[in-house]
file model23.cif (mmCIF, C-alpha atoms)
data_protein
loop_
_atom_site.label_atom_id
_atom_site.label_comp_id
_atom_site.auth_asym_id
_atom_site.auth_seq_id
_atom_site.Cartn_x
_atom_site.Cartn_y
_atom_site.Cartn_z
CA ALA A 1 -45.99 -19.34 -14.07
CA LEU A 2 -44.45 -15.89 -14.08
CA PHE A 3 -42.89 -13.97 -16.97
CA ILE A 4 -41.03 -10.65 -16.76
CA GLU A 5 -39.79 -9.00 -19.93
CA GLY A 6 -36.81 -7.40 -18.24
CA ILE A 7 -35.23 -6.12 -15.03
CA GLY A 8 -32.53 -3.50 -14.65
CA VAL A 9 -30.41 -2.94 -11.54
CA SER A 10 -28.08 0.03 -11.10
CA VAL A 11 -25.23 -0.40 -8.61
CA ILE A 12 -23.99 2.79 -6.92
CA ASN A 13 -21.02 3.12 -4.60
CA SER A 14 -20.59 5.38 -1.56
CA THR A 15 -19.20 8.36 -3.56
CA PRO A 16 -21.98 8.17 -4.90
CA GLU A 17 -21.47 7.23 -8.52
CA GLU A 18 -22.92 4.54 -10.74
CA VAL A 19 -20.45 1.69 -11.10
CA MET A 20 -22.37 -0.81 -13.18
CA TYR A 21 -25.78 -1.62 -14.59
CA LEU A 22 -27.15 -5.16 -14.71
CA SER A 23 -29.91 -6.03 -17.17
CA LEU A 24 -31.77 -9.35 -17.17
CA SER A 25 -34.05 -10.14 -20.10
CA ARG A 26 -37.08 -12.43 -20.39
CA LEU A 27 -37.21 -13.99 -16.96
CA LYS A 28 -39.46 -17.02 -16.54
CA ALA A 29 -40.42 -18.86 -13.36
CA ASP A 30 -42.59 -21.98 -13.30
CA TYR A 31 -43.63 -23.17 -9.83
CA GLN A 32 -45.57 -26.34 -9.08
CA ASP A 33 -46.86 -27.40 -5.66
CA ARG A 34 -47.94 -31.01 -5.30
CA GLN A 35 -48.70 -33.26 -2.36
CA THR A 36 -45.28 -34.89 -2.63
CA GLY A 37 -43.25 -31.70 -3.02
CA GLN A 38 -42.56 -28.47 -4.86
CA GLN A 39 -40.66 -27.78 -8.06
CA LEU A 40 -39.31 -24.50 -9.40
CA GLU A 41 -37.78 -23.89 -12.81
CA PHE A 42 -36.25 -20.48 -13.41
CA THR A 43 -34.67 -19.14 -16.60
CA ILE A 44 -33.07 -15.88 -17.74
CA ALA A 45 -32.84 -15.58 -21.51
CA ASP A 46 -30.09 -12.96 -21.57
CA ILE A 47 -27.72 -11.33 -19.08
CA GLN A 48 -25.65 -8.19 -19.57
CA LEU A 49 -23.51 -6.20 -17.14
CA ASP A 50 -22.46 -2.71 -18.29
CA ASN A 51 -19.46 -0.79 -17.03
CA GLN A 52 -20.85 2.69 -16.29
CA GLN A 53 -17.52 4.52 -16.03
CA PRO A 54 -17.51 7.50 -18.46
CA GLN A 55 -14.13 6.49 -19.88
CA ALA A 56 -14.75 2.74 -19.81
CA ILE A 57 -12.51 0.78 -22.16
CA PHE A 58 -15.11 -1.99 -22.32
CA PRO A 59 -18.65 -0.58 -21.93
CA VAL A 60 -20.08 -4.12 -21.77
CA ALA A 61 -18.37 -6.11 -19.02
CA ILE A 62 -20.34 -9.37 -19.16
CA SER A 63 -22.68 -10.71 -21.84
CA ALA A 64 -23.89 -14.02 -23.23
CA VAL A 65 -21.84 -15.19 -26.21
CA LEU A 66 -24.85 -16.43 -28.17
CA PRO A 67 -28.18 -15.30 -26.69
CA ASP A 68 -30.79 -17.92 -27.60
CA GLU A 69 -34.41 -18.22 -26.47
CA GLU A 70 -34.15 -22.02 -26.56
CA LYS A 71 -30.87 -21.96 -24.60
CA PRO A 72 -31.27 -19.34 -21.86
CA ALA A 73 -28.23 -17.69 -20.34
CA LEU A 74 -29.17 -19.17 -16.96
CA PHE A 75 -31.34 -22.18 -16.09
CA ILE A 76 -32.06 -23.37 -12.54
CA SER A 77 -34.27 -26.28 -11.57
CA ILE A 78 -34.91 -27.35 -7.99
CA LYS A 79 -37.36 -29.93 -6.67
CA SER A 80 -37.99 -30.41 -2.97
CA GLU A 81 -39.80 -33.12 -1.06
CA LYS A 82 -42.46 -32.53 1.58
CA ARG A 83 -41.28 -34.19 4.75
CA PRO A 84 -42.27 -33.77 8.41
CA HIS A 85 -38.69 -33.03 9.51
CA GLN A 86 -38.33 -29.45 10.68
CA THR A 87 -34.54 -29.43 10.63
CA ILE A 88 -33.91 -31.38 7.41
CA ARG A 89 -34.69 -30.07 3.93
CA CYS A 90 -34.84 -32.83 1.32
CA PHE A 91 -34.46 -32.22 -2.40
CA GLU A 92 -34.83 -34.50 -5.40
CA HIS A 93 -32.42 -32.37 -7.40
CA LEU A 94 -30.78 -29.01 -7.93
CA VAL A 95 -29.57 -28.30 -11.46
CA ILE A 96 -27.75 -25.12 -12.56
CA LEU A 97 -26.79 -24.45 -16.17
CA MET A 98 -25.15 -21.28 -17.51
CA GLN A 99 -24.33 -20.61 -21.13
CA GLU A 100 -20.93 -19.32 -22.27
CA LEU A 101 -20.21 -15.72 -21.26
CA ASP A 102 -17.95 -12.98 -22.61
CA VAL A 103 -16.13 -11.13 -19.81
CA HIS A 104 -14.38 -7.81 -20.52
CA LEU A 105 -12.58 -6.09 -17.63
CA ASP A 106 -10.12 -3.27 -17.33
CA GLU A 107 -8.02 -2.49 -14.28
CA ALA A 108 -10.03 0.57 -13.18
CA PHE A 109 -13.31 -1.36 -13.25
CA LEU A 110 -11.76 -4.31 -11.40
CA VAL A 111 -10.47 -1.99 -8.67
CA ARG A 112 -13.93 -0.47 -8.25
CA LEU A 113 -15.54 -3.90 -8.00
CA LEU A 114 -13.02 -5.07 -5.42
CA SER A 115 -13.46 -1.85 -3.43
CA MET A 116 -17.22 -2.40 -3.30
CA VAL A 117 -16.77 -5.99 -2.14
CA GLU A 118 -14.36 -4.81 0.54
CA ALA A 119 -16.78 -2.09 1.70
CA TRP A 120 -19.62 -4.62 1.86
CA ASN A 121 -17.51 -6.99 3.95
CA ASP A 122 -16.65 -4.14 6.32
CA LEU A 123 -20.33 -3.21 6.62
CA THR A 124 -21.46 -6.74 7.44
CA SER A 125 -18.60 -7.15 9.89
CA GLN A 126 -19.62 -3.93 11.68
CA GLY A 127 -23.19 -5.17 11.77
CA GLN A 128 -22.08 -8.38 13.43
CA LYS A 129 -20.11 -6.43 16.05
CA GLN A 130 -23.20 -4.33 16.81
CA ASP A 131 -25.22 -7.51 17.19
CA ASP A 132 -22.73 -8.80 19.74
CA THR A 133 -22.86 -5.51 21.66
CA LEU A 134 -26.60 -4.80 21.55
CA GLY A 135 -27.95 -8.32 21.44
CA ASP A 136 -30.19 -9.69 18.72
CA ALA A 137 -33.36 -8.09 20.06
CA ASP A 138 -31.91 -4.53 19.82
CA SER A 139 -29.83 -4.98 16.69
CA PRO A 140 -30.71 -2.73 13.71
CA TYR A 141 -29.92 -5.76 11.52
CA GLN A 142 -32.44 -7.96 13.28
CA TYR A 143 -35.06 -7.37 10.57
CA LEU A 144 -32.78 -9.17 8.12
CA ARG A 145 -33.21 -12.33 10.17
CA SER A 146 -36.89 -11.98 11.00
CA ALA A 147 -39.29 -14.87 10.41
CA ASP A 148 -40.39 -13.32 7.12
CA THR A 149 -36.93 -12.65 5.71
CA ALA A 150 -34.80 -15.38 7.30
CA SER A 151 -33.18 -17.84 4.95
CA PHE A 152 -35.29 -20.89 4.14
CA PHE A 153 -32.24 -23.03 4.84
CA GLU A 154 -31.08 -21.32 8.05
CA GLY A 155 -30.43 -23.79 10.85
CA ALA A 156 -31.44 -26.78 8.71
CA LEU A 157 -29.51 -29.68 7.26
CA LEU A 158 -29.77 -30.13 3.51
CA TYR A 159 -30.06 -33.40 1.63
CA PHE A 160 -29.97 -33.69 -2.16
CA LYS A 161 -30.39 -36.87 -4.12
CA VAL A 162 -28.33 -35.14 -6.78
CA LEU A 163 -26.84 -31.67 -7.19
CA VAL A 164 -25.48 -30.73 -10.60
CA ILE A 165 -23.67 -27.59 -11.76
CA TYR A 166 -22.83 -27.89 -15.44
CA PRO A 167 -19.42 -26.72 -16.72
CA ILE A 168 -19.14 -22.96 -17.09
CA LYS A 169 -17.29 -21.46 -20.06
CA LEU A 170 -15.96 -17.90 -20.05
CA ARG A 171 -14.06 -15.86 -22.64
CA VAL A 172 -12.03 -13.39 -20.63
CA THR A 173 -10.51 -10.15 -21.88
CA TYR A 174 -8.55 -8.00 -19.42
CA MET A 175 -6.56 -4.81 -19.91
CA SER A 176 -4.04 -3.77 -17.29
CA SER A 177 -2.03 -0.57 -16.84
CA ARG A 178 1.34 0.46 -15.50
CA MET A 179 -0.24 1.11 -12.11
CA ALA A 180 -1.99 -2.27 -11.97
CA VAL A 181 0.26 -3.86 -9.35
CA HIS A 182 0.13 -0.74 -7.14
CA ASN A 183 -3.66 -0.40 -7.40
CA LEU A 184 -4.44 -4.08 -6.83
CA GLN A 185 -1.82 -4.77 -4.17
CA LYS A 186 -4.10 -3.44 -1.41
CA PHE A 187 -6.62 -6.25 -1.92
CA ALA A 188 -5.59 -9.33 0.07
CA GLY A 189 -6.70 -12.02 -2.40
CA ILE A 190 -5.19 -10.28 -5.42
CA SER A 191 -2.07 -9.40 -3.43
CA ARG A 192 -1.33 -13.07 -2.76
CA PHE A 193 -1.73 -13.78 -6.48
CA LEU A 194 0.58 -10.91 -7.43
CA ASP A 195 3.19 -12.08 -4.94
CA ARG A 196 3.43 -15.30 -6.94
CA THR A 197 3.13 -13.93 -10.47
CA GLY A 198 4.50 -10.40 -10.14
CA SER A 199 1.83 -8.92 -12.43
CA LEU A 200 -1.62 -9.34 -13.87
CA ALA A 201 -1.15 -9.90 -17.60
CA ASN A 202 -3.38 -8.60 -20.35
CA LEU A 203 -5.77 -11.17 -21.79
CA ASP A 204 -7.59 -11.27 -25.12
CA CYS A 205 -10.56 -13.66 -25.30
CA ALA A 206 -8.73 -16.19 -23.13
CA PRO A 207 -10.87 -19.32 -22.62
CA LEU A 208 -11.61 -20.12 -18.99
CA ASN A 209 -13.43 -23.40 -18.37
CA LEU A 210 -14.81 -24.15 -14.91
CA ASN A 211 -15.37 -27.85 -14.39
CA GLY A 212 -18.83 -29.11 -13.71
CA LEU A 213 -19.80 -30.44 -10.29
CA MET A 214 -22.00 -33.41 -9.49
CA LEU A 215 -22.74 -34.39 -5.89
CA GLU A 216 -24.78 -37.47 -5.12
CA HIS A 217 -26.54 -37.67 -1.75
CA PRO A 218 -24.78 -34.74 -0.05
CA PHE A 219 -26.10 -34.25 3.50
CA CYS A 220 -24.79 -31.15 5.26
CA SER A 221 -25.58 -27.64 6.45
CA GLN A 222 -25.89 -24.69 4.09
CA PRO A 223 -22.46 -23.20 5.01
CA GLU A 224 -20.84 -26.60 4.52
CA LEU A 225 -22.46 -27.00 1.11
CA VAL A 226 -21.42 -23.50 0.01
CA ASN A 227 -17.87 -24.18 1.20
CA ARG A 228 -17.78 -27.48 -0.67
CA ILE A 229 -18.80 -25.77 -3.91
CA TRP A 230 -16.33 -22.94 -3.28
CA GLN A 231 -13.49 -25.39 -2.71
CA HIS A 232 -14.36 -27.20 -5.94
CA TYR A 233 -13.76 -24.03 -7.96
CA THR A 234 -10.82 -22.59 -6.03
CA THR A 235 -8.59 -25.61 -5.40
CA ALA A 236 -6.72 -27.56 -8.03
#

call {"tool": "encode", "arguments": {"input": "model23.cif", "output": "structure tokens"}}
result
Amino acid sequence: ALFIEGIGVSVINSTPEEVMYLSLSRLKADYQDRQTGQQLEFTIADIQLDNQQPQAIFPVAISAVLPDEEKPALFISIKSEKRPHQTIRCFEHLVILMQELDVHLDEAFLVRLLSMVEAWNDLTSQGQKQDDTLGDADSPYQYLRSADTASFFEGALLYFKVLVIYPIKLRVTYMSSRMAVHNLQKFAGISRFLDRTGSLANLDCAPLNLNGLMLEHPFCSQPELVNRIWQHYTTA
């Protein structure tokens, strides 16, 4: 078992300036290794994301509605089976539970977040192009895919007896400005939304409920599984 009282992560953009600060409180990990398989239970008692802009309208961007030691903000349980197959990872279960969160965003903070995501996508895309030019052996990104750091799931098929993501509840507050459409129009995903709605309205503690997901006996690759989960939350 492992217990960490708290972890703080500061996120800085290319300017450089601090954009946000993530704090995780009372992290617990319980790992068991048996002859039949391994099990990991991981909990975070409290989560808070701070908007570090000097003139931030909402200094706290994300926080748990009711922090509770008995009901951690995040709970993950995964149990795998030991099998001789090298290309198939078998799991008894994967369970993810997140408590209700308060989300407070203003337009300036949202633009900064989207800009960082866009910059990250550009960076990874440039890295891929360099891989294609130099070859994997000479790529400066090769270390990310070394035997020690490669994904446990890479190249393998995944099988779960059951995969459960419990419903996620959010209370969303958003404050726009007169320049909102102009500032957000440059981001492709938001632009498509604005083309349909014309604007991004202000919100005050608007409830947003994301349906739970339960998959029985899914058998697929990691990208296929991620896409299946993504489609669940992004399609009606």

call {"tool": "atom_distance", "arguments": {"input": "model23.cif", "atom1": "CA of Pro54 (chain A)", "atom2": "CA of Asn121 (chain A)"}}
result
26.7 Å

call {"tool": "resolve_selection", "arguments": {"input": "model23.cif", "expression": "the PyMOL selection byres ((chain A and resi 155-167) around 7)", "output": "PDB file with C-alpha atoms, in the frame of the given file"}}
result
ATOM      1  CA  THR A  87     -34.540 -29.430  10.630  1.00  0.00           C
ATOM      2  CA  ILE A  88     -33.910 -31.380   7.410  1.00  0.00           C
ATOM      3  CA  ARG A  89     -34.690 -30.070   3.930  1.00  0.00           C
ATOM      4  CA  CYS A  90     -34.840 -32.830   1.320  1.00  0.00           C
ATOM      5  CA  PHE A  91     -34.460 -32.220  -2.400  1.00  0.00           C
ATOM      6  CA  GLU A  92     -34.830 -34.500  -5.400  1.00  0.00           C
ATOM      7  CA  HIS A  93     -32.420 -32.370  -7.400  1.00  0.00           C
ATOM      8  CA  LEU A  94     -30.780 -29.010  -7.930  1.00  0.00           C
ATOM      9  CA  VAL A  95     -29.570 -28.300 -11.460  1.00  0.00           C
ATOM     10  CA  ILE A  96     -27.750 -25.120 -12.560  1.00  0.00           C
ATOM     11  CA  LEU A  97     -26.790 -24.450 -16.170  1.00  0.00           C
ATOM     12  CA  PHE A 153     -32.240 -23.030   4.840  1.00  0.00           C
ATOM     13  CA  GLU A 154     -31.080 -21.320   8.050  1.00  0.00           C
ATOM     14  CA  ILE A 168     -19.140 -22.960 -17.090  1.00  0.00           C
ATOM     15  CA  LYS A 169     -17.290 -21.460 -20.060  1.00  0.00           C
ATOM     16  CA  LEU A 210     -14.810 -24.150 -14.910  1.00  0.00           C
ATOM     17  CA  ASN A 211     -15.370 -27.850 -14.390  1.00  0.00           C
ATOM     18  CA  GLY A 212     -18.830 -29.110 -13.710  1.00  0.00           C
ATOM     19  CA  LEU A 213     -19.800 -30.440 -10.290  1.00  0.00           C
ATOM     20  CA  MET A 214     -22.000 -33.410  -9.490  1.00  0.00           C
ATOM     21  CA  LEU A 215     -22.740 -34.390  -5.890  1.00  0.00           C
ATOM     22  CA  GLU A 216     -24.780 -37.470  -5.120  1.00  0.00           C
ATOM     23  CA  HIS A 217     -26.540 -37.670  -1.750  1.00  0.00           C
ATOM     24  CA  PRO A 218     -24.780 -34.740  -0.050  1.00  0.00           C
ATOM     25  CA  PHE A 219     -26.100 -34.250   3.500  1.00  0.00           C
ATOM     26  CA  CYS A 220     -24.790 -31.150   5.260  1.00  0.00           C
ATOM     27  CA  SER A 221     -25.580 -27.640   6.450  1.00  0.00           C
ATOM     28  CA  GLN A 222     -25.890 -24.690   4.090  1.00  0.00           C
TER      29      GLN A 222
END

call {"tool": "closest_residue", "arguments": {"input": "model23.cif", "among": "A:Ser14, A:Gln86, A:Ser63, A:Gln99", "to": "Asn209 (chain A)", "atoms": "only C-alpha atoms"}}
result
A:Gln99

call {"tool": "resolve_selection", "arguments": {"input": "model23.cif", "expression": "the PyMOL selection byres ((chain A and resi 62) around 8)", "output": "number ranges by chain"}}
result
A: 47-50, 60-61, 63-64, 101-104

call {"tool": "resolve_selection", "arguments": {"input": "model23.cif", "expression": "the PyMOL selection byres ((chain A and resi 32-36) around 6)", "output": "JSON, numbers by chain"}}
result
{"A": [31, 37, 38, 39, 81, 82]}

call {"tool": "atom_distance", "arguments": {"input": "model23.cif", "atom1": "CA of Gly8 (chain A)", "atom2": "CA of Thr124 (chain A)"}}
result
24.9 Å

call {"tool": "closest_residue", "arguments": {"input": "model23.cif", "among": "A:Ala1, A:Ile12, A:Ser25, A:Phe58", "to": "Glu41 (chain A)", "atoms": "all atoms listed in the file"}}
result
A:Ala1

call {"tool": "closest_residue", "arguments": {"input": "model23.cif", "among": "A:Ile7, A:Leu225, A:Val19, A:Ile78", "to": "Ser115 (chain A)", "atoms": "all atoms listed in the file"}}
result
A:Val19

call {"tool": "atom_distance", "arguments": {"input": "model23.cif", "atom1": "CA of Met175 (chain A)", "atom2": "CA of Ile57 (chain A)"}}
result
8.5 Å

call {"tool": "closest_residue", "arguments": {"input": "model23.cif", "among": "A:Gln53, A:Asp106, A:Tyr233, A:Asp122", "to": "Val172 (chain A)", "atoms": "all atoms listed in the file"}}
result
A:Asp106

call {"tool": "closest_residue", "arguments": {"input": "model23.cif", "among": "A:Leu110, A:Ala206, A:Leu105, A:Leu123", "to": "Tyr174 (chain A)", "atoms": "only C-alpha atoms"}}
result
A:Leu105

call {"tool": "closest_residue", "arguments": {"input": "model23.cif", "among": "A:Gln52, A:Thr43, A:Gln231, A:Asn13", "to": "Met98 (chain A)", "atoms": "all atoms listed in the file"}}
result
A:Thr43
